[in-house]
$ cat target11.txt   # compact mmCIF, C-alpha atoms
# COMPACT_ATOMS: atom_id res chain seq x y z
CA MET A 7 27.51 -16.89 38.88
CA LEU A 8 26.53 -17.94 42.41
CA PHE A 9 29.34 -19.85 44.04
CA ARG A 10 32.86 -20.66 42.87
CA SER A 11 32.52 -24.19 44.25
CA SER A 12 29.62 -26.57 44.79
CA VAL A 13 27.72 -26.28 48.05
CA ILE A 14 25.28 -28.88 49.32
CA LEU A 15 21.99 -27.06 49.68
CA SER A 16 21.29 -28.31 53.19
CA LYS A 17 24.72 -27.06 54.31
CA LEU A 18 24.42 -23.58 52.83
CA LYS A 19 25.15 -20.93 55.47
CA PRO A 20 24.33 -17.20 55.64
CA MET A 21 28.05 -16.40 55.78
CA GLN A 22 28.59 -18.11 52.42
CA ILE A 23 25.76 -16.13 50.84
CA SER A 24 27.12 -12.89 52.28
CA GLY A 25 30.57 -13.77 50.92
CA MET A 26 29.06 -14.39 47.49
CA TYR A 27 27.49 -10.92 47.52
CA SER A 28 30.78 -9.31 48.51
CA GLU A 29 32.58 -11.16 45.72
CA ALA A 30 29.92 -10.16 43.20
CA LEU A 31 30.33 -6.49 44.12
CA VAL A 32 34.07 -6.69 43.47
CA SER A 33 34.45 -9.11 40.55
CA GLY A 34 31.03 -10.36 39.52
CA ARG A 35 30.93 -9.21 35.91
CA ARG A 36 31.01 -11.96 33.29
CA ASP A 37 33.71 -10.16 31.32
CA GLY A 38 35.89 -9.94 34.41
CA GLU A 39 35.99 -6.15 34.20
CA GLY A 40 34.97 -5.32 37.75
CA GLY A 41 31.97 -5.91 39.96
CA LEU A 42 28.21 -5.78 39.75
CA SER A 43 26.17 -2.84 40.95
CA PRO A 44 24.48 -2.97 44.38
CA ARG A 45 21.13 -2.94 42.59
CA THR A 46 22.03 -6.06 40.57
CA VAL A 47 23.28 -7.88 43.68
CA HIS A 48 20.09 -6.84 45.48
CA HIS A 49 18.15 -8.46 42.63
CA MET A 50 20.27 -11.61 42.99
CA HIS A 51 19.33 -11.67 46.68
CA ARG A 52 15.61 -11.52 45.90
CA ILE A 53 15.86 -14.42 43.45
CA LEU A 54 18.00 -16.56 45.75
CA LYS A 55 15.76 -15.88 48.73
CA GLN A 56 12.68 -16.86 46.76
CA ALA A 57 14.32 -20.05 45.50
CA LEU A 58 15.45 -21.08 48.98
CA SER A 59 11.96 -20.35 50.32
CA GLN A 60 10.66 -22.94 47.88
CA GLY A 61 13.25 -25.35 49.30
CA VAL A 62 11.78 -24.79 52.75
CA LYS A 63 8.27 -25.46 51.42
CA TRP A 64 9.50 -28.72 49.85
CA GLN A 65 11.18 -29.60 53.18
CA VAL A 66 14.60 -29.76 51.53
CA LEU A 67 15.68 -27.03 53.97
CA THR A 68 14.60 -26.49 57.56
CA CYS A 69 15.08 -22.74 57.27
CA ASN A 70 16.01 -20.14 54.67
CA PRO A 71 19.66 -19.05 55.13
CA ALA A 72 19.08 -15.97 52.97
CA ASP A 73 16.71 -14.59 55.65
CA ALA A 74 19.75 -13.88 57.84
CA VAL A 75 21.65 -12.00 55.10
CA ASP A 76 21.30 -8.30 54.36
CA PRO A 77 21.81 -7.44 50.69
CA PRO A 78 23.88 -4.37 49.78
CA LYS A 79 22.11 -1.07 50.26
CA VAL A 80 20.87 0.51 47.05
CA GLU A 81 21.15 4.27 47.06
CA ARG A 82 18.00 5.90 45.77
CA THR A 83 18.55 8.63 43.19
CA SER A 84 15.92 11.18 42.26
CA LEU A 85 14.26 10.44 38.94
CA GLN A 86 15.06 12.84 36.13
CA THR A 87 12.18 13.20 33.72
CA TYR A 88 10.00 15.68 31.84
CA ASP A 89 7.39 17.90 33.46
CA LEU A 90 4.14 18.69 31.64
CA PRO A 91 5.40 21.75 29.70
CA SER A 92 8.48 19.81 28.60
CA THR A 93 6.29 16.86 27.60
CA VAL A 94 4.21 19.13 25.37
CA ALA A 95 7.38 20.55 23.83
CA LEU A 96 8.76 17.04 23.34
CA LEU A 97 5.70 15.79 21.48
CA ASP A 98 5.67 18.91 19.33
CA ALA A 99 9.36 18.46 18.45
CA LEU A 100 8.94 14.80 17.45
CA ARG A 101 5.56 15.02 15.72
CA ASN A 102 6.90 14.67 12.17
CA THR A 103 9.39 11.92 12.99
CA ARG A 104 9.18 8.12 13.34
CA MET A 105 9.75 8.54 17.07
CA PHE A 106 6.46 10.36 17.63
CA ILE A 107 4.23 7.31 18.16
CA PRO A 108 6.79 5.46 20.33
CA THR A 109 7.03 8.61 22.45
CA VAL A 110 3.24 8.89 22.70
CA LEU A 111 2.98 5.26 23.82
CA ALA A 112 5.68 5.78 26.47
CA VAL A 113 4.88 9.22 27.86
CA LEU A 114 1.07 9.11 27.58
CA CYS A 115 0.50 5.38 28.18
CA GLY A 116 3.47 4.30 30.28
CA LEU A 117 4.63 1.48 28.00
CA ARG A 118 8.18 0.17 28.28
CA ARG A 119 10.52 0.16 25.28
CA GLY A 120 10.11 -3.58 24.76
CA GLU A 121 6.32 -3.31 24.97
CA VAL A 122 6.32 -0.53 22.37
CA CYS A 123 8.41 -2.63 19.95
CA ALA A 124 6.24 -5.75 20.44
CA LEU A 125 2.89 -3.98 20.01
CA GLN A 126 0.78 -5.14 17.07
CA TRP A 127 -2.43 -3.65 15.76
CA ARG A 128 -4.36 -6.72 16.95
CA ASN A 129 -3.47 -5.60 20.48
CA ILE A 130 -5.19 -2.22 20.09
CA ASP A 131 -8.94 -1.63 20.22
CA LEU A 132 -9.41 1.97 19.16
CA ASP A 133 -13.20 1.83 19.58
CA ALA A 134 -12.85 0.62 23.17
CA ALA A 135 -9.84 2.95 23.62
CA GLN A 136 -7.51 0.40 25.13
CA ILE A 137 -4.28 -1.50 24.51
CA ALA A 138 -3.73 -5.13 25.51
CA VAL A 139 -0.09 -5.45 26.58
CA VAL A 140 0.65 -9.10 25.84
CA ALA A 141 4.31 -9.17 24.79
CA SER A 142 7.64 -7.43 25.13
CA ALA A 143 10.57 -7.40 22.71
CA GLU A 144 13.92 -8.21 24.28
CA GLN A 145 17.21 -7.36 22.61
CA THR A 146 19.70 -10.24 22.62
CA ASP A 147 23.04 -10.90 20.92
CA ALA A 148 21.21 -13.24 18.54
CA GLY A 149 18.55 -10.67 17.67
CA VAL A 150 15.11 -10.00 19.16
CA ARG A 151 12.95 -12.43 21.09
CA TYR A 152 9.40 -11.85 22.29
CA LYS A 153 8.36 -12.73 25.80
CA GLU A 154 5.67 -11.96 28.35
CA PRO A 155 5.78 -8.35 29.55
CA LYS A 156 7.69 -7.66 32.74
CA SER A 157 5.56 -7.83 35.90
CA ARG A 158 2.44 -6.70 34.05
CA ARG A 159 -0.65 -8.11 35.71
CA ALA A 160 -3.53 -5.92 34.48
CA GLY A 161 -2.77 -6.53 30.79
CA THR A 162 -4.70 -3.54 29.44
CA VAL A 163 -4.01 0.18 29.31
CA ALA A 164 -6.81 2.69 28.79
CA LEU A 165 -6.21 5.30 26.09
CA SER A 166 -7.08 8.95 26.22
CA ALA A 167 -8.98 10.60 23.36
CA THR A 168 -5.73 12.29 22.32
CA VAL A 169 -3.86 8.99 22.05
CA VAL A 170 -6.72 7.34 20.14
CA ALA A 171 -6.75 10.20 17.63
CA GLU A 172 -2.98 10.00 17.14
CA LEU A 173 -3.10 6.22 16.66
CA ARG A 174 -5.90 6.51 14.12
CA ARG A 175 -3.82 9.01 12.13
CA HIS A 176 -0.76 6.80 12.43
CA ARG A 177 -2.63 3.72 11.22
CA VAL A 178 -3.77 5.48 8.04
CA ALA A 179 -0.30 6.91 7.36
CA GLN A 180 1.37 3.54 8.01
CA ALA A 181 -1.05 1.72 5.67
CA GLN A 182 -0.26 4.19 2.89
CA GLU A 183 3.48 3.84 3.49
CA LEU A 184 3.31 0.05 3.35
CA LEU A 185 1.26 0.05 0.14
CA ARG A 186 4.02 2.04 -1.55
CA VAL A 187 6.37 -0.91 -1.01
CA GLY A 188 3.73 -3.51 -1.87
CA VAL A 189 2.86 -4.60 1.66
CA ARG A 190 -0.73 -4.80 2.91
CA MET A 191 -1.37 -3.90 6.52
CA SER A 192 -2.93 -6.55 8.76
CA ASP A 193 -3.65 -7.11 12.44
CA ASP A 194 -0.20 -8.70 12.67
CA THR A 195 1.53 -5.49 11.58
CA PHE A 196 3.67 -3.93 14.26
CA VAL A 197 2.46 -0.49 15.33
CA VAL A 198 6.04 0.75 15.53
CA ALA A 199 7.91 -0.74 12.58
CA GLN A 200 10.36 -0.09 9.81
CA ALA A 201 9.18 1.45 6.54
CA ASP A 202 8.62 -2.03 5.05
CA GLY A 203 6.64 -3.24 8.06
CA GLN A 204 9.45 -5.30 9.57
CA PRO A 205 9.64 -5.15 13.38
CA LEU A 206 11.92 -2.59 14.95
CA GLN A 207 14.73 -3.69 17.23
CA PRO A 208 14.61 -2.13 20.71
CA ARG A 209 18.17 -0.80 20.44
CA SER A 210 17.34 0.82 17.09
CA LEU A 211 14.53 2.68 18.81
CA THR A 212 16.96 3.82 21.51
CA HIS A 213 19.52 4.99 18.95
CA GLU A 214 16.90 7.01 17.10
CA TRP A 215 15.64 8.51 20.36
CA VAL A 216 19.14 9.64 21.32
CA ARG A 217 19.76 11.09 17.86
CA LEU A 218 16.53 13.09 17.72
CA ILE A 219 16.47 14.31 21.31
CA GLY A 220 20.00 15.60 20.73
CA LYS A 221 18.63 17.94 18.06
CA THR A 222 16.24 19.63 20.50
CA ASP A 223 16.78 22.05 23.37
CA LEU A 224 15.13 19.64 25.80
CA PRO A 225 17.07 17.90 28.59
CA ARG A 226 18.76 14.67 27.54
CA ARG A 227 16.77 11.85 29.10
CA ARG A 228 16.56 8.11 28.47
CA PHE A 229 13.59 6.75 26.52
CA HIS A 230 12.71 4.75 29.65
CA ASP A 231 12.37 8.03 31.56
CA LEU A 232 9.22 8.75 29.55
CA ARG A 233 7.51 6.08 31.69
CA HIS A 234 8.63 7.98 34.75
CA ALA A 235 7.17 11.15 33.28
CA HIS A 236 3.83 9.43 32.75
CA ALA A 237 3.77 8.10 36.30
CA THR A 238 4.71 11.49 37.74
CA HIS A 239 1.99 13.22 35.73
CA LEU A 240 -0.62 10.71 36.92
CA LEU A 241 0.26 11.00 40.60
CA ALA A 242 0.64 14.79 40.49
CA ALA A 243 -2.85 14.96 38.96
CA GLY A 244 -4.25 13.10 41.96
CA VAL A 245 -4.68 9.67 40.33
CA HIS A 246 -4.76 6.94 42.99
CA PRO A 247 -1.38 5.12 43.23
CA LYS A 248 -3.13 1.77 42.75
CA VAL A 249 -4.51 2.92 39.40
CA ALA A 250 -1.11 4.28 38.38
CA SER A 251 0.52 1.00 39.45
CA GLU A 252 -1.83 -1.09 37.31
CA ARG A 253 -1.36 1.25 34.36
CA LEU A 254 2.42 1.00 34.60
CA GLY A 255 2.31 -2.78 34.95
CA HIS A 256 3.94 -2.90 38.38
CA SER A 257 3.39 -6.16 40.25
CA LYS A 258 2.75 -4.30 43.52
CA VAL A 259 1.58 -0.78 44.36
CA GLY A 260 4.51 -0.55 46.78
CA ILE A 261 6.88 -0.42 43.81
CA THR A 262 5.02 2.60 42.46
CA LEU A 263 5.00 4.35 45.83
CA ASP A 264 8.70 3.67 46.30
CA LEU A 265 9.76 4.85 42.85
CA TYR A 266 7.68 8.01 42.86
CA SER A 267 7.84 9.05 46.49
CA HIS A 268 9.04 12.49 45.36
CA VAL A 269 5.50 13.22 44.13
CA LEU A 270 3.77 12.15 47.35
CA PRO A 271 4.49 15.23 49.53
CA GLY A 272 2.59 17.40 47.07
CA MET A 273 -0.23 14.86 46.98
CA GLN A 274 -0.44 14.93 50.77
CA ALA A 275 -0.70 18.71 50.81
CA SER A 276 -3.48 18.61 48.22
CA ALA A 277 -5.33 15.90 50.14
CA VAL A 278 -5.16 17.86 53.39
CA ALA A 279 -6.46 20.96 51.64
CA LEU A 280 -9.38 19.01 50.15
CA VAL A 281 -10.32 17.54 53.53
CA ASP A 282 -10.08 21.00 55.10
CA GLU A 283 -12.41 22.46 52.47
CA ALA A 284 -14.88 19.60 52.99
CA LEU A 285 -14.88 20.18 56.75
CA LYS A 286 -15.51 23.90 56.32
CA ALA A 287 -18.36 23.22 53.91
CA ALA A 288 -19.91 20.70 56.32
CA ASP A 289 -19.50 23.14 59.22
CA GLY A 290 -21.19 25.88 57.19
CA LYS A 291 -24.17 23.67 56.44
CA HIS A 292 -24.40 22.61 60.08
CA LYS A 293 -24.47 26.22 61.32
CA ALA A 294 -27.03 27.19 58.72
CA LYS A 295 -29.56 24.72 60.15
$ encode --input "target11.txt" --output "structure tokens"
Amino acid sequence: MLFRSSVILSKLKPMQISGMYSEALVSGRRDGEGGLSPRTVHHMHRILKQALSQGVKWQVLTCNPADAVDPPKVERTSLQTYDLPSTVALLDALRNTRMFIPTVLAVLCGLRRGEVCALQWRNIDLDAAQIAVVASAEQTDAGVRYKEPKSRRAGTVALSATVVAELRRHRVAQAQELLRVGVRMSDDTFVVAQADGQPLQPRSLTHEWVRLIGKTDLPRRRFHDLRHAHATHLLAAGVHPKVASERLGHSKVGITLDLYSHVLPGMQASAVALVDEALKAADGKHKAK
């Protein structure tokens, strides 16, 4: 949905775009049951603005009418995720379940749900300790389709020694499980799969996550929040935001800084303390001469 009636591109005015946003907020849902969220309309604005910018480049438009329109304000909410002690407890609670490896890939590697479900063993080099993120599974009404991962530019994610060890154990256990049903493991086998090796649907992973996390004493969080936990742990440990951004597959470091700004005050305090210590050490050496 963009406009209820046709509009000649060269005659498109900012007021019409603004009216479209207002209408979308009130009655923009496809099922007719209310409006779209400000975040969704904000996303619509980004797409429309980019498309109209191309029209300016092609000289179809003399200016971009979307430049004069302010999208609805999106209220930022603080991210709810797991701290390090809770992450340890989470991994311990899920260790003997089929959700353990998906959780490891999300909370220790930062992979999205779709990237976890699309991951095949050919994409993992355990000797080099890295994952090549080349696809993402998307849930649709017709089933699952595989596409390029969202916004991921770097393509590879480095693995810690802990993750490599867990994946090695998982590979052996999965090969044994598949042999029991007469299936031989190959590079095409999905890392996170059903017992017979068939790929797992993203929503099935979510359902299992909700079921298992409900059996623990841990806070109820979304599976996607495990990515937020990984990012928070990285930044709190002093990892440069650019490195965290590449690891998470964000297209720009600004996205990382915006999403995880709650971690930055602590990082600033640590940075100031480090600089202060360095100055004192340099001053001590200078006076000793």
$ closest_residue --input "target11.txt" --among "A:Arg233, A:Asp289, A:Pro71, A:Asp133" --to "Leu114 of chain A" --atoms "all atoms listed in the file"
A:Arg233
$ residues_around --input "target11.txt" --residues "Gln126 of chain A" --least-positions-apart "6" --cutoff "10 Å" --atoms "only C-alpha atoms" --output "list in words"
Ile137, Ala138, Val139, Val140, Ala141, Ser192, Asp193, Asp194, Thr195, Phe196, Val197, Val198, Ala199 and Pro205 of chain A
$ atom_distance --input "target11.txt" --atom1 "atom CA of Val169 of chain A" --atom2 "atom CA of Asn129 of chain A"
14.7 Å
$ closest_residue --input "target11.txt" --among "A:Lys286, A:Leu232, A:Ile261, A:Asp89" --to "Leu117 of chain A" --atoms "only C-alpha atoms"
A:Leu232
$ residues_around --input "target11.txt" --residues "Glu144 of chain A" --least-positions-apart "3" --cutoff "12 Å" --atoms "all atoms listed in the file" --output "list in words"
Arg118, Arg119, Gly120, Glu121, Val122, Cys123, Ala124, Ala141, Asp147, Ala148, Gly149, Val150, Arg151, Tyr152, Lys153, Glu154, Pro155, Lys156, Leu206, Gln207, Pro208 and Arg209 of chain A
$ write_last_selection --input "target11.txt" --atoms "C-alpha atoms" --output "compact mmCIF listing (two decimals), in the frame of the given file"
# COMPACT_ATOMS: atom_id res chain seq x y z
CA ARG A 118 8.18 0.17 28.28
CA ARG A 119 10.52 0.16 25.28
CA GLY A 120 10.11 -3.58 24.76
CA GLU A 121 6.32 -3.31 24.97
CA VAL A 122 6.32 -0.53 22.37
CA CYS A 123 8.41 -2.63 19.95
CA ALA A 124 6.24 -5.75 20.44
CA ALA A 141 4.31 -9.17 24.79
CA ASP A 147 23.04 -10.90 20.92
CA ALA A 148 21.21 -13.24 18.54
CA GLY A 149 18.55 -10.67 17.67
CA VAL A 150 15.11 -10.00 19.16
CA ARG A 151 12.95 -12.43 21.09
CA TYR A 152 9.40 -11.85 22.29
CA LYS A 153 8.36 -12.73 25.80
CA GLU A 154 5.67 -11.96 28.35
CA PRO A 155 5.78 -8.35 29.55
CA LYS A 156 7.69 -7.66 32.74
CA LEU A 206 11.92 -2.59 14.95
CA GLN A 207 14.73 -3.69 17.23
CA PRO A 208 14.61 -2.13 20.71
CA ARG A 209 18.17 -0.80 20.44
$ closest_atom_pairs --input "target11.txt" --of "segment 7-100 of chain A" --to "segment 224-231 of chain A" --cutoff "10 Å" --atoms "all atoms listed in the file" --output "CSV"
residue,atom,partner,partner_atom,distance
A:Leu85,CA,A:Asp231,CA,8.0
A:Gln86,CA,A:Asp231,CA,7.2
A:Thr87,CA,A:Asp231,CA,5.6
A:Tyr88,CA,A:Asp231,CA,8.0
A:Ser92,CA,A:Leu224,CA,7.2
A:Thr93,CA,A:Leu224,CA,9.4
A:Ala95,CA,A:Leu224,CA,8.0
A:Leu96,CA,A:Leu224,CA,7.3
A:Ala99,CA,A:Leu224,CA,9.4
$ atom_distance --input "target11.txt" --atom1 "atom CA of Gly244 of chain A" --atom2 "atom CA of Thr262 of chain A"
14.0 Å
$ atom_distance --input "target11.txt" --atom1 "atom CA of Gln56 of chain A" --atom2 "atom CA of Glu252 of chain A"
23.4 Å
$ closest_residue --input "target11.txt" --among "A:Pro247, A:Pro108, A:Pro78, A:Pro44" --to "Leu263 of chain A" --atoms "all atoms listed in the file"
A:Pro247
$ closest_residue --input "target11.txt" --among "A:Gly38, A:Pro77, A:Gly61, A:Gly116" --to "His236 of chain A" --atoms "all atoms listed in the file"
A:Gly116
$ residues_around --input "target11.txt" --residues "Met26 of chain A" --least-positions-apart "4" --cutoff "12 Å" --atoms "only C-alpha atoms" --output "PDB file with C-alpha atoms, keeping the file's coordinate frame"
ATOM      1  CA  MET A   7      27.510 -16.890  38.880  1.00  0.00           C
ATOM      2  CA  LEU A   8      26.530 -17.940  42.410  1.00  0.00           C
ATOM      3  CA  PHE A   9      29.340 -19.850  44.040  1.00  0.00           C
ATOM      4  CA  ARG A  10      32.860 -20.660  42.870  1.00  0.00           C
ATOM      5  CA  SER A  11      32.520 -24.190  44.250  1.00  0.00           C
ATOM      6  CA  VAL A  13      27.720 -26.280  48.050  1.00  0.00           C
ATOM      7  CA  LEU A  18      24.420 -23.580  52.830  1.00  0.00           C
ATOM      8  CA  LYS A  19      25.150 -20.930  55.470  1.00  0.00           C
ATOM      9  CA  PRO A  20      24.330 -17.200  55.640  1.00  0.00           C
ATOM     10  CA  MET A  21      28.050 -16.400  55.780  1.00  0.00           C
ATOM     11  CA  GLN A  22      28.590 -18.110  52.420  1.00  0.00           C
ATOM     12  CA  ALA A  30      29.920 -10.160  43.200  1.00  0.00           C
ATOM     13  CA  LEU A  31      30.330  -6.490  44.120  1.00  0.00           C
ATOM     14  CA  VAL A  32      34.070  -6.690  43.470  1.00  0.00           C
ATOM     15  CA  SER A  33      34.450  -9.110  40.550  1.00  0.00           C
ATOM     16  CA  GLY A  34      31.030 -10.360  39.520  1.00  0.00           C
ATOM     17  CA  GLY A  41      31.970  -5.910  39.960  1.00  0.00           C
ATOM     18  CA  LEU A  42      28.210  -5.780  39.750  1.00  0.00           C
ATOM     19  CA  VAL A  47      23.280  -7.880  43.680  1.00  0.00           C
ATOM     20  CA  HIS A  48      20.090  -6.840  45.480  1.00  0.00           C
ATOM     21  CA  MET A  50      20.270 -11.610  42.990  1.00  0.00           C
ATOM     22  CA  HIS A  51      19.330 -11.670  46.680  1.00  0.00           C
ATOM     23  CA  LEU A  54      18.000 -16.560  45.750  1.00  0.00           C
ATOM     24  CA  ALA A  72      19.080 -15.970  52.970  1.00  0.00           C
ATOM     25  CA  VAL A  75      21.650 -12.000  55.100  1.00  0.00           C
ATOM     26  CA  PRO A  77      21.810  -7.440  50.690  1.00  0.00           C
ATOM     27  CA  PRO A  78      23.880  -4.370  49.780  1.00  0.00           C
TER      28      PRO A  78
END
$ closest_residue --input "target11.txt" --among "A:Ser142, A:Val62, A:His176, A:Glu81" --to "Asn102 of chain A" --atoms "only C-alpha atoms"
A:His176
$ closest_residue --input "target11.txt" --among "A:Thr212, A:Thr109, A:Ser257, A:Ser12" --to "Glu172 of chain A" --atoms "all atoms listed in the file"
A:Thr109
$ residues_around --input "target11.txt" --residues "Leu90 of chain A" --least-positions-apart "4" --cutoff "9 Å" --atoms "only C-alpha atoms" --output "PyMOL selection string"
chain A and resi 94-95+235+239
$ write_last_selection --input "target11.txt" --atoms "C-alpha atoms" --output "short mmCIF file (atom, residue, chain, number, x, y, z; two decimals), keeping the file's coordinate frame"
data_model
loop_
_atom_site.label_atom_id
_atom_site.label_comp_id
_atom_site.auth_asym_id
_atom_site.auth_seq_id
_atom_site.Cartn_x
_atom_site.Cartn_y
_atom_site.Cartn_z
CA VAL A 94 4.21 19.13 25.37
CA ALA A 95 7.38 20.55 23.83
CA ALA A 235 7.17 11.15 33.28
CA HIS A 239 1.99 13.22 35.73
#
